[in-house]
Amino acid sequence: MAFESLSDRLDAAFKKLRSKGSLNENDVKAAMREVRLALLEADVNYKVAKDFTQRVTDRAIGSQVMESLTPAQMVIKIVNEELTDLMGGTQTRLAYAAHPPTIIMMCGLQGSGKTTHCAKIALKLKKENHRPLLVACDVYRPAAIKQLQVVGEQVDVPVFEMGQGNPVEISTKAVSYAKDKGFDYVIIDTAGRLHIDAELMEELQNVKAAVHPHEILLVVDAMTGQDAVTVASTFDETLGIDGMVLTKMDGDTRGGAALSARAVTGKPIKFVGTGEKLDELDYFYPDRMASRILGMGDVLSLIEKAETALDEKKAAEMEEKLRKNKFDLNDLLEQMQQVKKMGSMKDLLSMLPGVGSKIKDIDVDDRQLDKIQAIISSMTLKERSNPDIINPSRKRRIAAGCGMQVEDVNRLLAQYRNMQKMMKQLNSKGMRRKLGRFGGSQGGFGGFPM
């Protein structure tokens, strides 16, 4: 997970502050030295790290400690606010032209994930009821056009291409085509290079002059560290970018590019790639990212993922089954399939307050969900509806059918029975009254038997 090492270092620095009943100027400066080292280790630009810690120090030493907070909490609050400001302050959405189509020009170096992220953005726009059109203007890289066509087909978005033609002519005709066919977004996949050169920049400037894009987005590989800052600065000075897309934010990256590139260019980060799949792209929220870095969780993003992945009607039906204790293995299978749509369990857990900094110590294996799905899928519909009929011979057949041991089947059935007991307890009148005092509903879990 991105920023993991930064989160750990900051957490260690703040633990020292929390252990003190009161803070003096030396305590704050010592903590800020730790913070600066943490930022530098995370590949944050030296000047950015220095300016950041100086601002926090000035505010922390000069601030009146709020009555409701301890001194340490006050410092963490200031760090959170400054970190949010460093990454842009507020979330910035894509532009939308008054007279469509809105033209988005995607640029970046080869290997940054530019072509894939063209399709990712197209899919996101499509889910928001827009009609995007992908345009193949990378006419030099072998199979670039074919790659765009493949990912375009996967997200069910058409691709405009004219083979190995002139990128300026292709982009111009694509915009005309989009107007005629009613597309409201045009996403132009431009050529990249292994490094920045005059020929590349001249071509991009010519495309920009021809189609007048409403958005120029630079795709930056978050794993390139300080090079990302150099790339972003050069593209911005030469082309004038409107925002950035950070890729590979799910990997073992130190994350400094996210902090440095925004601070150096002054241009917002609009999207972050969170995985290899085409639906693994999120809008960038500076405040939510700051909260995650500081181990405060990101409950809003977790809720949004749930709302996107889960069917509201099915969730209501599931809650009713839970209340009546009629939840069977068919329902468990369905629930697990819906939870998997939300992403990896480790990512989901990292969004919970207080868990982010400790997630590396938790053994979260998504394959366990796959095993449970395989076991349930190996059962007959009758067995799923009434697990009590599963005798030893049936267990052996189920285990053989999914390639596992009888012990695995026994473990699943035991977990299911324990869950049933818990549901009975929660649905008892006495427990419902207790839950009611805390604003609980009828004792249901909202369809999440985890």
# chains A, B, ... in the order shown; residues from 1 in each chain; ligands from 1

call {"tool": "residues_around", "arguments": {"residues": "Val231 (chain A)", "least_positions_apart": "5", "cutoff": "9 Å", "atoms": "only C-alpha atoms", "output": "JSON list (two decimals) with N, CA and C atoms, in the first residue's frame"}}
result
[["chain", "number", "residue", "atom", "x", "y", "z"],
["A", 108, "GLY", "N", 2.31, 11.59, -21.22],
["A", 108, "GLY", "CA", 3.20, 10.96, -20.24],
["A", 108, "GLY", "C", 4.26, 10.13, -20.92],
["A", 109, "LEU", "N", 5.22, 9.65, -20.15],
["A", 109, "LEU", "CA", 6.29, 8.83, -20.71],
["A", 109, "LEU", "C", 5.82, 7.40, -20.91],
["A", 195, "HIS", "N", 12.01, 9.00, -22.66],
["A", 195, "HIS", "CA", 12.47, 10.20, -21.95],
["A", 195, "HIS", "C", 11.90, 11.42, -22.68],
["A", 196, "ILE", "N", 11.95, 12.55, -22.02],
["A", 196, "ILE", "CA", 11.41, 13.78, -22.62],
["A", 196, "ILE", "C", 12.36, 14.29, -23.68],
["A", 220, "VAL", "N", 1.54, 9.94, -14.37],
["A", 220, "VAL", "CA", 2.83, 9.84, -13.67],
["A", 220, "VAL", "C", 2.89, 8.53, -12.90],
["A", 226, "GLN", "N", 11.63, 10.72, -7.26],
["A", 226, "GLN", "CA", 11.98, 12.10, -7.59],
["A", 226, "GLN", "C", 11.91, 12.39, -9.09],
["A", 236, "ASP", "N", 4.69, 20.43, -17.51],
["A", 236, "ASP", "CA", 3.89, 21.59, -17.15],
["A", 236, "ASP", "C", 4.46, 22.86, -17.78],
["A", 261, "ALA", "N", 4.96, 16.26, -6.52],
["A", 261, "ALA", "CA", 4.52, 16.72, -7.83],
["A", 261, "ALA", "C", 3.47, 17.82, -7.71]]

call {"tool": "closest_atom_pairs", "arguments": {"of": "region 183-236 of chain A", "to": "region 80-94 of chain A", "cutoff": "12 Å", "atoms": "only C-alpha atoms", "output": "CSV"}}
result
residue,atom,partner,partner_atom,distance
A:Tyr185,CA,A:Leu94,CA,10.5
A:Ile187,CA,A:Leu94,CA,11.9
A:Pro213,CA,A:Leu94,CA,11.9
A:His214,CA,A:Leu94,CA,9.0
A:Glu215,CA,A:Leu94,CA,7.4
A:Ile216,CA,A:Leu94,CA,10.1
A:Leu217,CA,A:Leu94,CA,9.7

call {"tool": "atom_distance", "arguments": {"atom1": "CA of Ile375 (chain A)", "atom2": "CA of Asn418 (chain A)"}}
result
17.6 Å

call {"tool": "atom_distance", "arguments": {"atom1": "CA of Val159 (chain A)", "atom2": "CA of Lys173 (chain A)"}}
result
12.7 Å

call {"tool": "residues_around", "arguments": {"residues": "Gly403 (chain A)", "least_positions_apart": "3", "cutoff": "10 Å", "atoms": "only C-alpha atoms", "output": "tab-separated table (two decimals) with C-alpha atoms, in the first residue's frame"}}
result
chain	number	residue	atom	x	y	z
A	371	LYS	CA	-11.54	-21.12	-0.75
A	374	ALA	CA	-15.00	-22.94	-3.92
A	375	ILE	CA	-16.35	-25.07	-1.05
A	378	SER	CA	-19.02	-27.59	-4.73
A	397	ARG	CA	-17.71	-35.42	-1.97
A	398	ILE	CA	-17.69	-31.63	-1.46
A	399	ALA	CA	-14.00	-31.64	-0.48
A	400	ALA	CA	-13.07	-33.74	-3.53
A	406	VAL	CA	-12.71	-32.49	4.71

call {"tool": "atom_distance", "arguments": {"atom1": "CA of Ala210 (chain A)", "atom2": "CA of Gly163 (chain A)"}}
result
18.9 Å
